[in-house]
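**Student:** Got a structure for you, questions after.
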Amino acid sequence: MNHPQRTPTAADQHPSEPRYLEVTHEVTNQPRPLENYNLYQQDTALQEGVLREGAGHAHDQLTDYGAWAGLARSIELGHQANAQKPALRTHDRFGHRVDEVSFHPAYHELMAMALEHGLHSRPWTHPGQGAHVARAAKYYLHSQVEAAHCCPITMTFAAIPSIRQQPDLAALWESRILANAYDPRNLPDSEKTAVTIGMAMTEKQGGSDVRANSTRAYPVAQEGPGQAYELVGHKWFVSAPMCDAFLVLAQAPGGLSCFLMPRWRPDGSKNPWQIQQLKNKMGNVANASSEVELRGALAWMVGEEGRGVPTIIEMVAMTRFDCMIGSAAGMRQAVAQASHHCHHRSAFGARLSDQPLMQNVLADLALESEAALAYTLRIARALDNQHQEHDRLLTRLATPVGKYWICKRTPNHAYEAMECIGGS
Ligand SMILES: Cc1cc2nc3c(=O)[nH]c(=O)nc-3n(C[C@H](O)[C@H](O)[C@H](O)COP(=O)(O)OP(=O)(O)OC[C@H]3O[C@@H](n4cnc5c(N)ncnc54)[C@H](O)[C@@H]3O)c2cc1C
């Protein structure tokens, strides 16, 4: 029997070489991932800053935290938390309103890590020399793993100075706000020993200018600080809508006032605070932000009637401080990624990190990052020294300036760092 003739291939002509198509190329000149390193031990500027600003006692704790933040698994949690957007479910399948947002399990794991390590509580529960500095340094490490979930951590931390302006409400809430635990269940706060706090100021017609707020507050019985009101209106940008309670601005008969509004009423029924939809954000993906309507939501007045802005500004000021930490942390991680890449990548016969022009770029990036950190830690020390007039005034003046400048510079800094990485 005649066999059909086989067509010769390139492999037949070069039998000593691997089969063609078998191995297309060897991967070279690509850096290994930056993981399993200690973010604290590798950050000389941070170690020096912590010492300089009075938190040397936190060195060992920060070393441990830096090791956690650099683990491949921790870094992977950050990627996972952002891989899928939070999803809103307004009703259950039987038609009951639930207003529930679900997140990737990695988001919850990161939340638990932050809250169990007191990133929202430590300077309030253990004030004293270096308390804010140590917390800022730890948060700086934590935020480099994943920044979006830090929003509810910051708001919970920042709510304390505002809530303390209403001591009867603080007595009910403070110990649960400051508990070092995470309870994400969609249950009345009365069934929880640990709660998180959000803020709701912005409305469609005005975000910066909150005096334009149109949400109204109707007294249930008595009027005034600590009394119950029902809120009717809307809020246009409410982040972390699964927080257990929110500080809300609304127009009371005596003017714009601040209220504490839980997601559930004390009788265990759902407070009529209804999520309309989630924002479709480009960044900050792991964290949900929502548009809501208030249909007689029960809330208690915090601080004096008509003094809503001065009351909530205490919280806003602390969130501004945390924005400095988060943005400085973003810069630091950008420097780490760019330097790592350039150290392991060659072009035109030399390592990128040995090319003079690249050295200029990396030095500029490092300088700006370290300046942002130094500024932030100095403000942290000022927060630790509020008994001194100089530091009190410094906090008041330098926090908004630092927040403005560091947050403004961070995207440009990231853009330059990304350019170092080229198209990889
Ligand atoms: C990721 C994210 C999360 C948020 N989470 C929350 C939240 O949890 N709770 C909440 O209440 N809000 C939240 N916001 C809303 C945010 O607080 C507002 O977007 C912000 O206050 C700006 O308000 P606005 O969007 O109405 O802009 P506008 O106030 O309309 O401002 C538009 C522009 O005009 C500028 N501008 C304003 N006034 C002046 C002036 N006098 N002179 C010159 N320029 C001026 C502003 O700087 C801005 O560039 C969030 C926003 C983002 C992006």
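Identifiers in the structure tokens: chain A, B, ... in order shown; residue index from 1 per chain; ligand index from 1 in order shown.
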Just list as an NGL selection string whatever in region 140-337 of chain A DSSP marks as strand (DSSP E or B).
**Tutor:** :A and (197-200 or 203 or 206 or 216-219 or 228-239 or 245-252 or 255-262 or 264 or 270 or 273-278 or 289-302)
**Student:** Residues of chain A that have any atom at most 10 Å from an atom of ligand 1: could you tabulate them with the shortest-distance atom pair and the distance in Å to one decimal, using only C-alpha atoms and all ligand atoms, ordered by chain and increasing number, as CSV?
**Tutor:**
residue,atom,partner,partner_atom_place_in_ligand_line,distance
A:Ala148,CA,ligand 1,1 (C),8.7
A:Cys151,CA,ligand 1,8 (O),8.0
A:Pro152,CA,ligand 1,8 (O),8.5
A:Met155,CA,ligand 1,8 (O),8.2
A:Gly198,CA,ligand 1,8 (O),6.3
A:Met199,CA,ligand 1,9 (N),4.9
A:Ala200,CA,ligand 1,11 (O),3.9
A:Met201,CA,ligand 1,11 (O),3.5
A:Thr202,CA,ligand 1,11 (O),3.9
A:Glu203,CA,ligand 1,26 (O),7.0
A:Lys204,CA,ligand 1,26 (O),6.7
A:Gln205,CA,ligand 1,26 (O),6.7
A:Gly206,CA,ligand 1,26 (O),4.2
A:Gly207,CA,ligand 1,23 (O),3.1
A:Ser208,CA,ligand 1,29 (O),3.7
A:Asp209,CA,ligand 1,29 (O),5.7
A:Val210,CA,ligand 1,21 (O),8.1
A:Lys235,CA,ligand 1,11 (O),7.3
A:Trp236,CA,ligand 1,12 (N),7.3
A:Phe237,CA,ligand 1,13 (C),4.6
A:Val238,CA,ligand 1,8 (O),4.0
A:Ser239,CA,ligand 1,8 (O),3.7
A:Ala240,CA,ligand 1,8 (O),6.8
A:Pro241,CA,ligand 1,8 (O),8.1
A:Phe246,CA,ligand 1,8 (O),9.2
A:Leu247,CA,ligand 1,11 (O),9.1
A:Val248,CA,ligand 1,11 (O),8.0
A:Leu249,CA,ligand 1,11 (O),8.7
A:Lys279,CA,ligand 1,1 (C),9.1
A:Lys281,CA,ligand 1,1 (C),7.6
A:Met282,CA,ligand 1,1 (C),9.3
A:Gly283,CA,ligand 1,1 (C),7.7
A:Asn284,CA,ligand 1,1 (C),6.3
A:Val285,CA,ligand 1,1 (C),9.0
A:Asn287,CA,ligand 1,1 (C),8.5
A:Ala288,CA,ligand 1,3 (C),8.8
A:Ser289,CA,ligand 1,3 (C),6.4
A:Ser290,CA,ligand 1,8 (O),8.3
A:Glu291,CA,ligand 1,9 (N),9.8
A:Val316,CA,ligand 1,17 (O),9.5
**Student:** Can I get the selection written as a CSV table (one decimal), in the first residue's frame, with N, CA and C atoms?
**Tutor:**
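Saved file again_2.csv follows:
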chain,number,residue,atom,x,y,z
A,148,ALA,N,-9.2,52.6,48.5
A,148,ALA,CA,-10.6,52.9,48.5
A,148,ALA,C,-11.3,52.6,49.8
A,151,CYS,N,-11.8,55.0,52.9
A,151,CYS,CA,-12.8,56.0,53.0
A,151,CYS,C,-13.7,55.8,54.3
A,152,PRO,N,-14.3,54.6,54.5
A,152,PRO,CA,-15.1,54.5,55.7
A,152,PRO,C,-14.3,54.4,57.0
A,155,MET,N,-13.7,58.1,57.7
A,155,MET,CA,-14.9,58.8,58.2
A,155,MET,C,-15.3,58.3,59.6
A,198,GLY,N,-20.5,57.3,58.4
A,198,GLY,CA,-20.3,58.0,57.1
A,198,GLY,C,-20.7,59.4,57.3
A,199,MET,N,-20.7,60.2,56.1
A,199,MET,CA,-21.1,61.6,56.2
A,199,MET,C,-21.9,61.9,54.9
A,200,ALA,N,-23.0,62.7,55.1
A,200,ALA,CA,-23.8,63.0,53.9
A,200,ALA,C,-24.1,64.5,54.0
A,201,MET,N,-23.4,65.3,53.1
A,201,MET,CA,-23.5,66.7,53.1
A,201,MET,C,-24.0,67.1,51.7
A,202,THR,N,-23.2,66.6,50.7
A,202,THR,CA,-23.4,67.0,49.3
A,202,THR,C,-24.8,66.8,48.7
A,203,GLU,N,-25.3,67.8,48.1
A,203,GLU,CA,-26.6,67.6,47.4
A,203,GLU,C,-26.4,68.0,45.9
A,204,LYS,N,-27.4,67.7,45.1
A,204,LYS,CA,-27.3,68.0,43.6
A,204,LYS,C,-26.9,69.4,43.4
A,205,GLN,N,-27.5,70.4,44.1
A,205,GLN,CA,-27.3,71.8,43.7
A,205,GLN,C,-26.1,72.4,44.4
A,206,GLY,N,-25.4,71.6,45.2
A,206,GLY,CA,-24.1,72.2,45.8
A,206,GLY,C,-23.4,71.2,46.7
A,207,GLY,N,-22.1,71.1,46.5
A,207,GLY,CA,-21.3,70.2,47.3
A,207,GLY,C,-20.3,71.1,48.1
A,208,SER,N,-19.5,72.0,47.5
A,208,SER,CA,-18.7,72.8,48.3
A,208,SER,C,-19.6,73.8,49.1
A,209,ASP,N,-20.6,74.3,48.5
A,209,ASP,CA,-21.4,75.3,49.1
A,209,ASP,C,-22.6,74.6,49.8
A,210,VAL,N,-22.4,74.0,50.9
A,210,VAL,CA,-23.4,73.2,51.6
A,210,VAL,C,-24.5,74.0,52.2
A,235,LYS,N,-29.5,63.2,49.1
A,235,LYS,CA,-28.1,63.4,49.2
A,235,LYS,C,-27.5,62.8,47.9
A,236,TRP,N,-26.5,63.5,47.3
A,236,TRP,CA,-26.1,63.2,46.0
A,236,TRP,C,-24.8,62.5,45.9
A,237,PHE,N,-24.1,62.4,47.0
A,237,PHE,CA,-22.8,61.7,47.0
A,237,PHE,C,-22.5,61.2,48.4
A,238,VAL,N,-23.0,60.0,48.7
A,238,VAL,CA,-22.7,59.4,50.0
A,238,VAL,C,-21.9,58.1,49.8
A,239,SER,N,-20.6,58.2,50.3
A,239,SER,CA,-19.7,57.1,50.1
A,239,SER,C,-20.0,56.1,51.3
A,240,ALA,N,-19.5,54.9,51.1
A,240,ALA,CA,-19.6,53.8,52.1
A,240,ALA,C,-21.1,53.8,52.7
A,241,PRO,N,-22.1,53.5,51.8
A,241,PRO,CA,-23.4,53.6,52.3
A,241,PRO,C,-23.8,52.5,53.2
A,246,PHE,N,-24.7,58.0,59.9
A,246,PHE,CA,-24.1,59.1,59.1
A,246,PHE,C,-24.3,60.4,59.8
A,247,LEU,N,-23.3,61.3,59.7
A,247,LEU,CA,-23.6,62.7,60.0
A,247,LEU,C,-24.1,63.4,58.8
A,248,VAL,N,-25.3,64.0,59.0
A,248,VAL,CA,-26.1,64.5,57.8
A,248,VAL,C,-26.3,66.0,58.1
A,249,LEU,N,-26.2,66.8,57.1
A,249,LEU,CA,-26.6,68.2,57.2
A,249,LEU,C,-28.1,68.4,56.7
A,279,LYS,N,-22.8,55.4,42.3
A,279,LYS,CA,-22.1,56.1,41.3
A,279,LYS,C,-21.2,55.2,40.5
A,281,LYS,N,-17.9,55.1,39.2
A,281,LYS,CA,-16.7,55.9,39.3
A,281,LYS,C,-15.5,55.3,38.5
A,282,MET,N,-14.6,56.1,38.1
A,282,MET,CA,-13.5,55.6,37.4
A,282,MET,C,-12.4,55.0,38.3
A,283,GLY,N,-12.2,55.7,39.5
A,283,GLY,CA,-11.3,55.2,40.5
A,283,GLY,C,-12.1,54.9,41.7
A,284,ASN,N,-11.3,54.7,42.8
A,284,ASN,CA,-12.0,54.5,44.1
A,284,ASN,C,-13.1,53.4,44.0
A,285,VAL,N,-12.7,52.3,43.2
A,285,VAL,CA,-13.7,51.4,42.8
A,285,VAL,C,-14.2,50.5,43.9
A,287,ASN,N,-14.7,51.0,46.9
A,287,ASN,CA,-15.6,51.7,47.8
A,287,ASN,C,-16.8,52.1,47.0
A,288,ALA,N,-18.0,51.8,47.6
A,288,ALA,CA,-19.3,52.3,46.9
A,288,ALA,C,-19.5,53.7,47.3
A,289,SER,N,-20.1,54.5,46.4
A,289,SER,CA,-20.6,55.8,46.6
A,289,SER,C,-22.0,55.8,46.1
A,290,SER,N,-22.9,56.5,46.8
A,290,SER,CA,-24.4,56.3,46.4
A,290,SER,C,-25.1,57.7,46.3
A,291,GLU,N,-26.3,57.6,45.7
A,291,GLU,CA,-27.2,58.7,45.7
A,291,GLU,C,-28.4,58.2,46.5
A,316,VAL,N,-14.9,67.1,58.9
A,316,VAL,CA,-14.3,67.4,57.6
A,316,VAL,C,-12.8,67.6,57.8
**Student:** Could you check the closest approach to Leu260 (chain A) for each of A:Asp168, A:Asp384, A:Glu191, A:Glu76 and tell me which residue wins, using only C-alpha atoms?
**Tutor:**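 Under the stated criterion, the closest residue is A:Asp168.
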**Student:** Identify all residues of region 178-364 of chain A in helix (DSSP H, G or I) (DSSP on the backbone) and supply them as a PyMOL selection string.
**Tutor:** chain A and resi 189-191+210-212+308-343+352-354+356-364
**Student:** Give me, as a list in words, all polymer residues having an atom no more than 9 Å from Glu100 (chain A), counting only C-alpha atoms and skipping those fewer than 3 positions away in the same chain.
**Tutor:** Ala87, Leu88, Arg89, Thr90, His91, Arg97, Asn186, Pro241, Met242 and Ile275 of chain A
**Student:** Convert the current residue selection to file output with C-alpha atoms, as a compact mmCIF listing (two decimals), in the first residue's frame.
**Tutor:**
# COMPACT_ATOMS: atom_id res chain seq x y z
CA ALA A 87 -23.39 45.97 43.70
CA LEU A 88 -26.62 47.52 45.02
CA ARG A 89 -29.69 45.45 45.82
CA THR A 90 -32.60 47.77 46.62
CA HIS A 91 -35.21 45.05 47.37
CA ARG A 97 -36.70 47.31 50.69
CA ASN A 186 -26.92 44.67 57.63
CA PRO A 241 -23.45 53.61 52.26
CA MET A 242 -23.29 50.46 54.41
CA ILE A 275 -30.31 54.25 48.04
**Student:** Residues near region 115-122 of chain A, anyone? I mean within 10 Å using only C-alpha atoms, not counting same-chain ones fewer than 5 positions away, as a VMD selection string.
**Tutor:** chain A and resid 65 110 127 131 to 132 134 to 139 142 150 152 to 160 175 177 to 183 194 196
**Student:** With distances taken over only C-alpha atoms, which of A:Val23, A:Ala58, A:Gly303, A:Arg378 is nearest to Pro167 (chain A)?
**Tutor:**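 Nearest to Pro167 (chain A): A:Gly303.
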**Student:** Which residue out of A:Leu187, A:Asp92, A:Asp43, A:Gly130 has the minimum interatomic distance to Gly56 (chain A) when only C-alpha atoms are used?
**Tutor:**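 With only C-alpha atoms as the atom set, the closest residue is A:Gly130.
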**Student:** Please measure the separation of CA of Gly66 (chain A) and CA of Gly49 (chain A), giving the value in Å to one decimal.
**Tutor:** 15.1 Å
**Student:** Go through A:Val292, A:Val220, A:Ala338, A:Ile325 one by one, measure the shortest atom-to-atom distance of each to Ala374 (chain A) using only C-alpha atoms, and give the residue with the smallest value.
**Tutor:**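 Checking each candidate against Ala374 (chain A), we get A:Ile325 as the closest.
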**Student:** Could you pull the residues within 10 Å of Ala106 (chain A), counting only C-alpha atoms, minus those fewer than 4 positions along the same chain, as JSON, numbers by chain?
**Tutor:** {"A": [74, 76, 77, 78, 79, 80, 81, 82, 83, 110, 111, 112, 286]}
**Student:** Go ahead and save the picked residues with all heavy atoms, as a PDB file, in the first residue's frame.
**Tutor:**
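For reference, out.pdb as written:
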ATOM      1  N   SER A  74      -1.430  40.215  50.835  1.00  0.00           N
ATOM      2  CA  SER A  74      -2.079  41.499  51.145  1.00  0.00           C
ATOM      3  C   SER A  74      -2.255  42.308  49.863  1.00  0.00           C
ATOM      4  O   SER A  74      -3.310  42.912  49.631  1.00  0.00           O
ATOM      5  CB  SER A  74      -1.235  42.299  52.141  1.00  0.00           C
ATOM      6  OG  SER A  74      -0.887  41.508  53.244  1.00  0.00           O
ATOM      7  N   GLU A  76      -2.496  41.191  46.899  1.00  0.00           N
ATOM      8  CA  GLU A  76      -3.535  40.547  46.087  1.00  0.00           C
ATOM      9  C   GLU A  76      -4.939  40.949  46.567  1.00  0.00           C
ATOM     10  O   GLU A  76      -5.853  41.138  45.763  1.00  0.00           O
ATOM     11  CB  GLU A  76      -3.347  39.018  46.137  1.00  0.00           C
ATOM     12  CG  GLU A  76      -4.319  38.214  45.281  1.00  0.00           C
ATOM     13  CD  GLU A  76      -4.338  38.613  43.807  1.00  0.00           C
ATOM     14  OE1 GLU A  76      -3.346  39.185  43.318  1.00  0.00           O
ATOM     15  OE2 GLU A  76      -5.377  38.365  43.149  1.00  0.00           O
ATOM     16  N   LEU A  77      -5.102  41.121  47.890  1.00  0.00           N
ATOM     17  CA  LEU A  77      -6.413  41.559  48.403  1.00  0.00           C
ATOM     18  C   LEU A  77      -6.806  42.894  47.772  1.00  0.00           C
ATOM     19  O   LEU A  77      -7.967  43.119  47.425  1.00  0.00           O
ATOM     20  CB  LEU A  77      -6.360  41.732  49.931  1.00  0.00           C
ATOM     21  CG  LEU A  77      -6.303  40.476  50.789  1.00  0.00           C
ATOM     22  CD1 LEU A  77      -6.174  40.854  52.261  1.00  0.00           C
ATOM     23  CD2 LEU A  77      -7.543  39.610  50.574  1.00  0.00           C
ATOM     24  N   GLY A  78      -5.815  43.775  47.647  1.00  0.00           N
ATOM     25  CA  GLY A  78      -6.084  45.086  47.040  1.00  0.00           C
ATOM     26  C   GLY A  78      -6.566  44.950  45.604  1.00  0.00           C
ATOM     27  O   GLY A  78      -7.519  45.616  45.190  1.00  0.00           O
ATOM     28  N   HIS A  79      -5.914  44.064  44.850  1.00  0.00           N
ATOM     29  CA  HIS A  79      -6.346  43.859  43.454  1.00  0.00           C
ATOM     30  C   HIS A  79      -7.759  43.273  43.412  1.00  0.00           C
ATOM     31  O   HIS A  79      -8.607  43.711  42.636  1.00  0.00           O
ATOM     32  CB  HIS A  79      -5.377  42.913  42.734  1.00  0.00           C
ATOM     33  CG  HIS A  79      -4.030  43.539  42.467  1.00  0.00           C
ATOM     34  ND1 HIS A  79      -3.884  44.664  41.698  1.00  0.00           N
ATOM     35  CD2 HIS A  79      -2.786  43.198  42.871  1.00  0.00           C
ATOM     36  CE1 HIS A  79      -2.600  44.998  41.638  1.00  0.00           C
ATOM     37  NE2 HIS A  79      -1.914  44.128  42.346  1.00  0.00           N
ATOM     38  N   GLN A  80      -7.983  42.278  44.271  1.00  0.00           N
ATOM     39  CA  GLN A  80      -9.295  41.612  44.252  1.00  0.00           C
ATOM     40  C   GLN A  80     -10.421  42.582  44.616  1.00  0.00           C
ATOM     41  O   GLN A  80     -11.489  42.572  44.002  1.00  0.00           O
ATOM     42  CB  GLN A  80      -9.301  40.443  45.243  1.00  0.00           C
ATOM     43  CG  GLN A  80      -8.477  39.253  44.782  1.00  0.00           C
ATOM     44  CD  GLN A  80      -8.357  38.194  45.863  1.00  0.00           C
ATOM     45  OE1 GLN A  80      -8.749  38.409  47.008  1.00  0.00           O
ATOM     46  NE2 GLN A  80      -7.804  37.049  45.505  1.00  0.00           N
ATOM     47  N   ALA A  81     -10.172  43.418  45.620  1.00  0.00           N
ATOM     48  CA  ALA A  81     -11.233  44.329  46.084  1.00  0.00           C
ATOM     49  C   ALA A  81     -11.672  45.282  44.977  1.00  0.00           C
ATOM     50  O   ALA A  81     -12.796  45.788  44.994  1.00  0.00           O
ATOM     51  CB  ALA A  81     -10.749  45.112  47.300  1.00  0.00           C
ATOM     52  N   ASN A  82     -10.773  45.536  44.018  1.00  0.00           N
ATOM     53  CA  ASN A  82     -11.093  46.469  42.935  1.00  0.00           C
ATOM     54  C   ASN A  82     -11.505  45.782  41.639  1.00  0.00           C
ATOM     55  O   ASN A  82     -11.858  46.454  40.671  1.00  0.00           O
ATOM     56  CB  ASN A  82      -9.886  47.376  42.662  1.00  0.00           C
ATOM     57  CG  ASN A  82      -9.750  48.427  43.745  1.00  0.00           C
ATOM     58  OD1 ASN A  82     -10.457  49.421  43.735  1.00  0.00           O
ATOM     59  ND2 ASN A  82      -8.876  48.188  44.702  1.00  0.00           N
ATOM     60  N   ALA A  83     -11.408  44.445  41.620  1.00  0.00           N
ATOM     61  CA  ALA A  83     -11.681  43.745  40.362  1.00  0.00           C
ATOM     62  C   ALA A  83     -13.163  43.762  40.028  1.00  0.00           C
ATOM     63  O   ALA A  83     -13.553  43.736  38.868  1.00  0.00           O
ATOM     64  CB  ALA A  83     -11.168  42.313  40.444  1.00  0.00           C
ATOM     65  N   LEU A 110      -9.942  43.600  54.201  1.00  0.00           N
ATOM     66  CA  LEU A 110      -9.128  44.807  54.409  1.00  0.00           C
ATOM     67  C   LEU A 110      -9.762  45.710  55.470  1.00  0.00           C
ATOM     68  O   LEU A 110      -9.062  46.297  56.304  1.00  0.00           O
ATOM     69  CB  LEU A 110      -8.972  45.569  53.084  1.00  0.00           C
ATOM     70  CG  LEU A 110      -8.079  44.869  52.049  1.00  0.00           C
ATOM     71  CD1 LEU A 110      -8.263  45.485  50.660  1.00  0.00           C
ATOM     72  CD2 LEU A 110      -6.610  44.945  52.471  1.00  0.00           C
ATOM     73  N   MET A 111     -11.088  45.820  55.445  1.00  0.00           N
ATOM     74  CA  MET A 111     -11.792  46.607  56.471  1.00  0.00           C
ATOM     75  C   MET A 111     -11.507  46.038  57.861  1.00  0.00           C
ATOM     76  O   MET A 111     -11.217  46.778  58.812  1.00  0.00           O
ATOM     77  CB  MET A 111     -13.309  46.565  56.224  1.00  0.00           C
ATOM     78  CG  MET A 111     -13.795  47.376  55.051  1.00  0.00           C
ATOM     79  SD  MET A 111     -13.745  49.147  55.348  1.00  0.00           S
ATOM     80  CE  MET A 111     -15.041  49.359  56.565  1.00  0.00           C
ATOM     81  N   ALA A 112     -11.594  44.711  57.969  1.00  0.00           N
ATOM     82  CA  ALA A 112     -11.368  44.071  59.271  1.00  0.00           C
ATOM     83  C   ALA A 112      -9.944  44.333  59.749  1.00  0.00           C
ATOM     84  O   ALA A 112      -9.710  44.658  60.922  1.00  0.00           O
ATOM     85  CB  ALA A 112     -11.642  42.571  59.170  1.00  0.00           C
ATOM     86  N   ALA A 286     -13.304  50.011  44.760  1.00  0.00           N
ATOM     87  CA  ALA A 286     -13.697  49.059  45.810  1.00  0.00           C
ATOM     88  C   ALA A 286     -14.690  49.673  46.789  1.00  0.00           C
ATOM     89  O   ALA A 286     -15.450  48.967  47.446  1.00  0.00           O
ATOM     90  CB  ALA A 286     -12.451  48.583  46.557  1.00  0.00           C
TER      91      ALA A 286
END
**Student:** CA of Gln129 (chain A) to CA of Val335 (chain A): how many Å, to one decimal?
**Tutor:** 29.8 Å
**Student:** I'd like the neighbourhood of Ala299 (chain A) as a PyMOL selection string, where a residue qualifies if any of its atoms comes within 12 Å (using only C-alpha atoms), though same-chain residues fewer than 6 positions away should be ignored.
**Tutor:** chain A and resi 169+216-220+225-232+245-250+252+257-266+271-273
**Student:** Here is a test: counting only C-alpha atoms, which residue of A:Val98, A:Leu394, A:Leu71, A:Ala147 is nearest to Gln274 (chain A)?
**Tutor:** A:Val98
**Student:** Between A:Ala171, A:Trp68, A:Pro86, A:Gly95, which is the closest to Asn36 (chain A) once you count only C-alpha atoms?
**Tutor:**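 Closest residue, counting only C-alpha atoms: A:Trp68.
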**Student:** Quick one: residues within 8 Å of Glu314 (chain A), only C-alpha atoms counted, chain neighbours fewer than 2 positions away excluded, as a count of residues only?
**Tutor:** 10
